[in-house]
file query03.cif (mmCIF, C-alpha atoms)
data_protein
loop_
_atom_site.label_atom_id
_atom_site.label_comp_id
_atom_site.auth_asym_id
_atom_site.auth_seq_id
_atom_site.Cartn_x
_atom_site.Cartn_y
_atom_site.Cartn_z
CA MET Q 2 -23.59 -1.73 -29.44
CA ARG Q 3 -24.94 1.78 -29.44
CA THR Q 4 -27.94 2.46 -27.20
CA LEU Q 5 -31.15 3.13 -29.14
CA GLY Q 6 -33.96 5.34 -27.91
CA LEU Q 7 -37.48 4.33 -29.00
CA ILE Q 8 -40.52 6.60 -28.86
CA GLY Q 9 -43.49 4.23 -28.71
CA GLY Q 10 -47.12 4.02 -27.68
CA MET Q 11 -48.45 4.95 -31.13
CA SER Q 12 -49.83 2.26 -30.84
CA TRP Q 13 -48.68 -0.29 -28.25
CA ILE Q 14 -49.04 -2.89 -31.02
CA SER Q 15 -46.49 -1.00 -33.10
CA THR Q 16 -44.14 -0.63 -30.12
CA ARG Q 17 -44.29 -4.35 -29.44
CA ALA Q 18 -43.44 -5.09 -33.06
CA PHE Q 19 -40.44 -2.76 -33.04
CA TYR Q 20 -39.07 -4.12 -29.76
CA GLU Q 21 -39.42 -7.73 -30.85
CA ARG Q 22 -37.97 -7.27 -34.34
CA ILE Q 23 -35.02 -5.19 -33.22
CA ASN Q 24 -34.13 -7.83 -30.64
CA ARG Q 25 -34.58 -10.70 -33.09
CA ASN Q 26 -32.22 -9.00 -35.54
CA VAL Q 27 -29.65 -8.30 -32.82
CA GLN Q 28 -29.88 -11.92 -31.72
CA LYS Q 29 -29.13 -13.07 -35.27
CA ARG Q 30 -26.22 -10.72 -35.86
CA ALA Q 31 -24.48 -10.04 -32.55
CA GLN Q 32 -22.69 -12.33 -30.13
CA PRO Q 33 -24.56 -15.27 -28.52
CA MET Q 34 -27.21 -14.28 -25.94
CA ALA Q 35 -27.10 -10.62 -27.03
CA SER Q 36 -30.13 -8.37 -26.71
CA ALA Q 37 -30.66 -4.80 -27.84
CA PRO Q 38 -29.62 -1.97 -25.48
CA MET Q 39 -32.69 0.25 -25.67
CA LEU Q 40 -34.42 3.06 -23.83
CA ILE Q 41 -38.16 3.08 -24.50
CA GLU Q 42 -40.77 5.69 -23.70
CA SER Q 43 -44.30 4.55 -24.41
CA LEU Q 44 -46.48 7.63 -24.78
CA ASP Q 45 -50.14 7.93 -23.90
CA TYR Q 46 -51.58 7.92 -27.41
CA SER Q 47 -54.88 9.50 -26.32
CA ARG Q 48 -53.10 12.87 -26.01
CA ILE Q 49 -51.73 12.58 -29.54
CA TYR Q 50 -55.08 11.36 -30.88
CA GLN Q 51 -56.92 14.34 -29.41
CA ALA Q 52 -54.37 16.74 -30.89
CA LYS Q 53 -54.60 15.00 -34.26
CA GLN Q 54 -58.38 15.31 -34.26
CA SER Q 55 -58.02 19.10 -34.00
CA ASP Q 56 -55.15 19.13 -36.52
CA ASP Q 57 -52.78 20.38 -33.80
CA TRP Q 58 -49.51 19.08 -35.20
CA ASP Q 59 -47.55 21.67 -33.24
CA GLY Q 60 -48.93 20.06 -30.09
CA ILE Q 61 -47.99 16.60 -31.34
CA ALA Q 62 -44.49 17.77 -32.24
CA SER Q 63 -44.08 19.18 -28.72
CA ILE Q 64 -45.04 15.83 -27.17
CA LEU Q 65 -42.53 14.00 -29.36
CA VAL Q 66 -39.77 16.55 -28.76
CA ASP Q 67 -40.23 16.30 -24.98
CA SER Q 68 -40.00 12.53 -25.23
CA ALA Q 69 -36.91 12.66 -27.43
CA ARG Q 70 -35.15 14.99 -25.00
CA ARG Q 71 -35.91 12.71 -22.07
CA LEU Q 72 -34.48 9.73 -23.97
CA GLU Q 73 -31.38 11.68 -24.97
CA ASP Q 74 -30.87 12.83 -21.38
CA ALA Q 75 -31.23 9.22 -20.22
CA GLY Q 76 -28.39 8.10 -22.47
CA ALA Q 77 -29.87 7.24 -25.88
CA GLU Q 78 -27.30 7.70 -28.66
CA GLY Q 79 -29.80 7.58 -31.52
CA LEU Q 80 -33.57 7.63 -31.88
CA VAL Q 81 -36.35 5.75 -33.66
CA VAL Q 82 -40.01 6.74 -33.74
CA ALA Q 83 -42.14 3.59 -33.81
CA ALA Q 84 -44.83 5.01 -36.09
CA ASN Q 85 -44.88 6.05 -39.74
CA THR Q 86 -47.37 8.92 -39.46
CA MET Q 87 -45.51 10.64 -36.62
CA HIS Q 88 -42.66 11.29 -39.07
CA LYS Q 89 -44.77 14.26 -40.14
CA CYS Q 90 -43.00 15.90 -37.16
CA TYR Q 91 -39.55 14.60 -38.11
CA ASP Q 92 -37.90 17.95 -38.89
CA ARG Q 93 -38.98 19.51 -35.59
CA LEU Q 94 -37.80 16.42 -33.74
CA ALA Q 95 -34.42 16.19 -35.43
CA GLU Q 96 -33.72 19.88 -34.82
CA ALA Q 97 -34.52 19.64 -31.11
CA ILE Q 98 -31.95 17.02 -30.11
CA SER Q 99 -28.27 16.39 -30.78
CA ILE Q 100 -28.50 12.65 -31.50
CA PRO Q 101 -29.48 11.19 -34.91
CA VAL Q 102 -33.11 10.34 -35.65
CA LEU Q 103 -33.42 7.46 -38.14
CA HIS Q 104 -36.18 8.31 -40.64
CA ILE Q 105 -38.37 5.34 -41.52
CA ALA Q 106 -39.02 6.51 -45.10
CA ASP Q 107 -35.29 6.87 -45.75
CA SER Q 108 -34.84 3.26 -44.66
CA VAL Q 109 -37.62 2.15 -47.01
CA GLY Q 110 -36.33 4.29 -49.87
CA LYS Q 111 -32.83 2.82 -49.57
CA ALA Q 112 -34.24 -0.72 -49.50
CA MET Q 113 -36.28 -0.03 -52.64
CA GLN Q 114 -33.28 1.54 -54.35
CA GLU Q 115 -31.17 -1.53 -53.56
CA ALA Q 116 -33.95 -3.77 -54.91
CA LYS Q 117 -34.14 -1.58 -58.06
CA CYS Q 118 -37.84 -0.99 -57.41
CA THR Q 119 -38.91 2.23 -59.09
CA ASN Q 120 -42.71 1.95 -59.05
CA ALA Q 121 -45.03 1.25 -56.11
CA ALA Q 122 -48.29 2.00 -54.35
CA LEU Q 123 -48.23 3.42 -50.84
CA LEU Q 124 -50.59 2.15 -48.13
CA GLY Q 125 -50.92 3.73 -44.69
CA THR Q 126 -52.93 6.36 -42.87
CA ARG Q 127 -54.57 9.23 -44.69
CA PHE Q 128 -51.59 11.45 -43.82
CA ILE Q 129 -49.09 8.95 -45.23
CA MET Q 130 -51.03 8.29 -48.44
CA THR Q 131 -51.93 11.86 -49.35
CA GLU Q 132 -49.32 14.24 -47.88
CA SER Q 133 -45.85 14.97 -49.17
CA PHE Q 134 -43.73 14.46 -46.01
CA TYR Q 135 -43.50 10.69 -46.61
CA ARG Q 136 -44.16 10.41 -50.33
CA GLN Q 137 -41.40 12.87 -51.27
CA ARG Q 138 -38.84 10.92 -49.25
CA LEU Q 139 -39.54 7.84 -51.36
CA VAL Q 140 -39.60 9.84 -54.59
CA SER Q 141 -36.13 11.17 -53.74
CA TYR Q 142 -34.87 7.56 -53.97
CA GLY Q 143 -36.20 7.22 -57.51
CA VAL Q 144 -39.55 5.64 -56.65
CA ASP Q 145 -42.58 6.59 -58.74
CA LEU Q 146 -45.72 6.30 -56.58
CA LEU Q 147 -49.25 5.72 -57.84
CA PRO Q 148 -51.57 8.62 -56.94
CA PRO Q 149 -53.76 7.87 -53.92
CA ASP Q 150 -57.31 6.72 -54.61
CA PRO Q 151 -59.71 8.64 -52.28
CA SER Q 152 -61.87 5.58 -51.60
CA ASP Q 153 -58.80 3.51 -50.71
CA VAL Q 154 -57.55 6.28 -48.43
CA GLU Q 155 -60.86 6.39 -46.57
CA LEU Q 156 -61.09 2.61 -46.24
CA VAL Q 157 -57.50 1.94 -45.15
CA ASP Q 158 -57.41 4.89 -42.74
CA GLY Q 159 -60.61 3.65 -41.12
CA ILE Q 160 -59.30 0.10 -40.74
CA ILE Q 161 -56.12 1.39 -39.09
CA TYR Q 162 -57.69 3.76 -36.57
CA LYS Q 163 -61.00 2.02 -35.85
CA GLU Q 164 -59.76 -1.57 -35.77
CA LEU Q 165 -56.04 -2.36 -35.90
CA MET Q 166 -54.82 0.23 -33.40
CA LEU Q 167 -57.33 -1.25 -30.95
CA GLY Q 168 -56.02 -4.76 -31.56
CA ARG Q 169 -59.05 -5.84 -33.65
CA VAL Q 170 -58.25 -8.04 -36.65
CA THR Q 171 -61.11 -9.08 -38.92
CA ARG Q 172 -61.50 -11.18 -42.04
CA ASP Q 173 -63.30 -8.22 -43.68
CA ALA Q 174 -60.19 -6.08 -43.23
CA GLU Q 175 -57.95 -8.83 -44.61
CA ARG Q 176 -60.17 -9.18 -47.68
CA ALA Q 177 -60.33 -5.41 -48.17
CA LEU Q 178 -56.55 -5.04 -48.16
CA LYS Q 179 -56.12 -8.02 -50.47
CA SER Q 180 -58.58 -6.48 -52.93
CA ILE Q 181 -56.81 -3.11 -52.82
CA ILE Q 182 -53.41 -4.68 -53.45
CA THR Q 183 -54.80 -6.74 -56.35
CA MET Q 184 -56.27 -3.57 -57.85
CA LYS Q 185 -52.96 -1.73 -57.47
CA GLU Q 186 -51.28 -4.43 -59.53
CA LYS Q 187 -53.88 -3.93 -62.27
CA GLU Q 188 -53.21 -0.18 -62.12
CA GLY Q 189 -49.54 -0.80 -62.83
CA ALA Q 190 -47.87 -0.89 -59.42
CA LYS Q 191 -44.82 -3.16 -59.23
CA ALA Q 192 -44.71 -3.25 -55.41
CA ILE Q 193 -46.54 -2.20 -52.27
CA VAL Q 194 -45.07 -0.03 -49.52
CA LEU Q 195 -46.73 -1.02 -46.27
CA ALA Q 196 -46.26 2.27 -44.42
CA CYS Q 197 -48.17 1.44 -41.25
CA THR Q 198 -46.97 -1.07 -38.67
CA GLU Q 199 -50.47 -2.26 -37.82
CA LEU Q 200 -51.34 -3.12 -41.44
CA GLU Q 201 -49.14 -6.20 -41.27
CA LEU Q 202 -51.85 -7.67 -39.01
CA VAL Q 203 -54.09 -7.98 -42.09
CA VAL Q 204 -51.56 -8.17 -44.94
CA ASP Q 205 -49.49 -11.28 -45.59
CA THR Q 206 -46.19 -9.64 -46.53
CA ASP Q 207 -44.75 -12.92 -47.85
CA ALA Q 208 -47.67 -14.14 -49.98
CA ASN Q 209 -49.12 -11.45 -52.19
CA VAL Q 210 -49.60 -10.63 -55.86
CA LEU Q 211 -46.94 -7.92 -55.48
CA PRO Q 212 -43.71 -7.72 -53.47
CA VAL Q 213 -44.29 -5.88 -50.19
CA PHE Q 214 -41.82 -3.45 -48.63
CA ASP Q 215 -42.72 -3.67 -44.95
CA SER Q 216 -41.67 -0.37 -43.36
CA THR Q 217 -41.51 -1.82 -39.85
CA ASP Q 218 -39.26 -4.69 -40.81
CA ILE Q 219 -37.01 -2.44 -42.91
CA HIS Q 220 -36.76 0.25 -40.23
CA CYS Q 221 -35.92 -2.28 -37.51
CA LYS Q 222 -33.12 -3.75 -39.63
CA ALA Q 223 -31.77 -0.26 -40.30
CA ALA Q 224 -31.85 0.48 -36.57
CA VAL Q 225 -29.85 -2.66 -35.85
CA ASP Q 226 -27.36 -1.74 -38.58
CA TRP Q 227 -26.87 1.59 -36.78
CA MET Q 228 -26.62 -0.04 -33.34
CA LEU Q 229 -23.95 -2.48 -34.47
CA ASP Q 230 -21.95 0.09 -36.43
CA ALA Q 231 -20.03 1.65 -33.56
CA THR Q 232 -17.28 3.09 -35.77
#
call {"tool": "encode", "arguments": {"input": "query03.cif", "output": "C-alpha cells"}}
result
Amino acid sequence: MRTLGLIGGMSWISTRAFYERINRNVQKRAQPMASAPMLIESLDYSRIYQAKQSDDWDGIASILVDSARRLEDAGAEGLVVAANTMHKCYDRLAEAISIPVLHIADSVGKAMQEAKCTNAALLGTRFIMTESFYRQRLVSYGVDLLPPDPSDVELVDGIIYKELMLGRVTRDAERALKSIITMKEKEGAKAIVLACTELELVVDTDANVLPVFDSTDIHCKAAVDWMLDAT
C-alpha cells in the first residue's frame, strides 16, 4: 500500500473519524490483519481559528503548506486534508508539494456522478455553503446545487463551530438539522451533501428523507482506493 499523509486537528473529532474509517476500509479490502500506513500531523486548531477570525487565509494556507511539506519529507506519498473548509487553500497546498493531494469535493462529485445525482443541497460551514471553491467543484460534475439560505447558513455554521467542534452534541442541533433537510426536500433537493465531518454527529446519514452523500465517508473510501492502487 502507498503511505498516506493526513493533515488533521481541524477538529480532533474529524481526525478521529478519518483515521478510523480509513483503517476500517483497509481492513475490509486488504489482506488479513492489515492496517493503513499513515503519517498524521494533528495541528493546533487555535492558530487556524484565530487566523480565520481575521480572514487571514494566507496565514492558514502557510500553516497547511508547512504541514504538508513535513509529511512529504517524512515519506508520505499522497495527502489528505481531514476538513472540508480547509480545501479553500487547496490550490496553494497542491502547488507547494510534489505529491498528490486528494480533493474531498472531487471525491464527492465523482460519487454523485456515479449515482446519477444531479440535484442537491449543500450543508457545511459558512465558507462551504456560500463560496465557490467547493460548490464549483460539485457543479463541474454535473450537480445543480440549491442556493444557500442565509438563515440556514447562520444556524448550521453556529452549530458546527460553537457545539460540534467542541464535542457537544445536543437534541436541539439534531432537530434543527432534521428540519433543514426536510425543508430542502420541499424546495426540490434530491439529495444532501454533508460537507462537514462533524455534522454526522447530528445527522443520521442512513435514515433521512433524502439520500445523504457523506463527504467524510466518501473521501476516506477514495483515499483507500488510492492507497491500494500501487500501479
call {"tool": "atom_distance", "arguments": {"input": "query03.cif", "atom1": "CA of Gly159 in chain Q", "atom2": "CA of Asn85 in chain Q"}}
result
16.0 Å
call {"tool": "resolve_selection", "arguments": {"input": "query03.cif", "expression": "the PyMOL selection byres ((chain Q and resi 193) around 7)", "output": "list in words"}}
result
Ala121, Ala122, Leu123, Ala192, Val194, Leu195, Leu211, Pro212, Val213 and Phe214 of chain Q
call {"tool": "closest_residue", "arguments": {"input": "query03.cif", "among": "Q:Thr86, Q:Ser152, Q:Ser99, Q:Thr119", "to": "Lys191 in chain Q", "atoms": "only C-alpha atoms"}}
result
Q:Thr119
call {"tool": "residues_near_point", "arguments": {"input": "query03.cif", "point": "(-30.2, 10.0, -28.0)", "cutoff": "12 Å", "atoms": "all atoms listed in the file", "output": "PyMOL selection string"}}
result
chain Q and resi 3-8+39-41+66+68-82+94-95+97-103+228
call {"tool": "closest_atom_pairs", "arguments": {"input": "query03.cif", "of": "range 66-159 of chain Q", "to": "range 174-177 of chain Q", "cutoff": "10 Å", "atoms": "all atoms listed in the file", "output": "CSV"}}
result
residue,atom,partner,partner_atom,distance
Q:Asp153,CA,Q:Ala177,CA,9.4
Q:Leu156,CA,Q:Ala177,CA,8.3
Q:Val157,CA,Q:Ala177,CA,8.4
Q:Gly159,CA,Q:Ala174,CA,10.0
call {"tool": "residues_around", "arguments": {"input": "query03.cif", "residues": "Ala62 in chain Q", "least_positions_apart": "5", "cutoff": "9 Å", "atoms": "only C-alpha atoms", "output": "list in words"}}
result
Asp57, Asp67, Met87, Lys89, Cys90, Tyr91, Arg93 and Leu94 of chain Q
call {"tool": "closest_residue", "arguments": {"input": "query03.cif", "among": "Q:Ala52, Q:Leu124, Q:Val144, Q:Ala190", "to": "Asp158 in chain Q", "atoms": "all atoms listed in the file"}}
result
Q:Leu124
call {"tool": "atom_distance", "arguments": {"input": "query03.cif", "atom1": "CA of Gly189 in chain Q", "atom2": "CA of Lys117 in chain Q"}}
result
16.1 Å
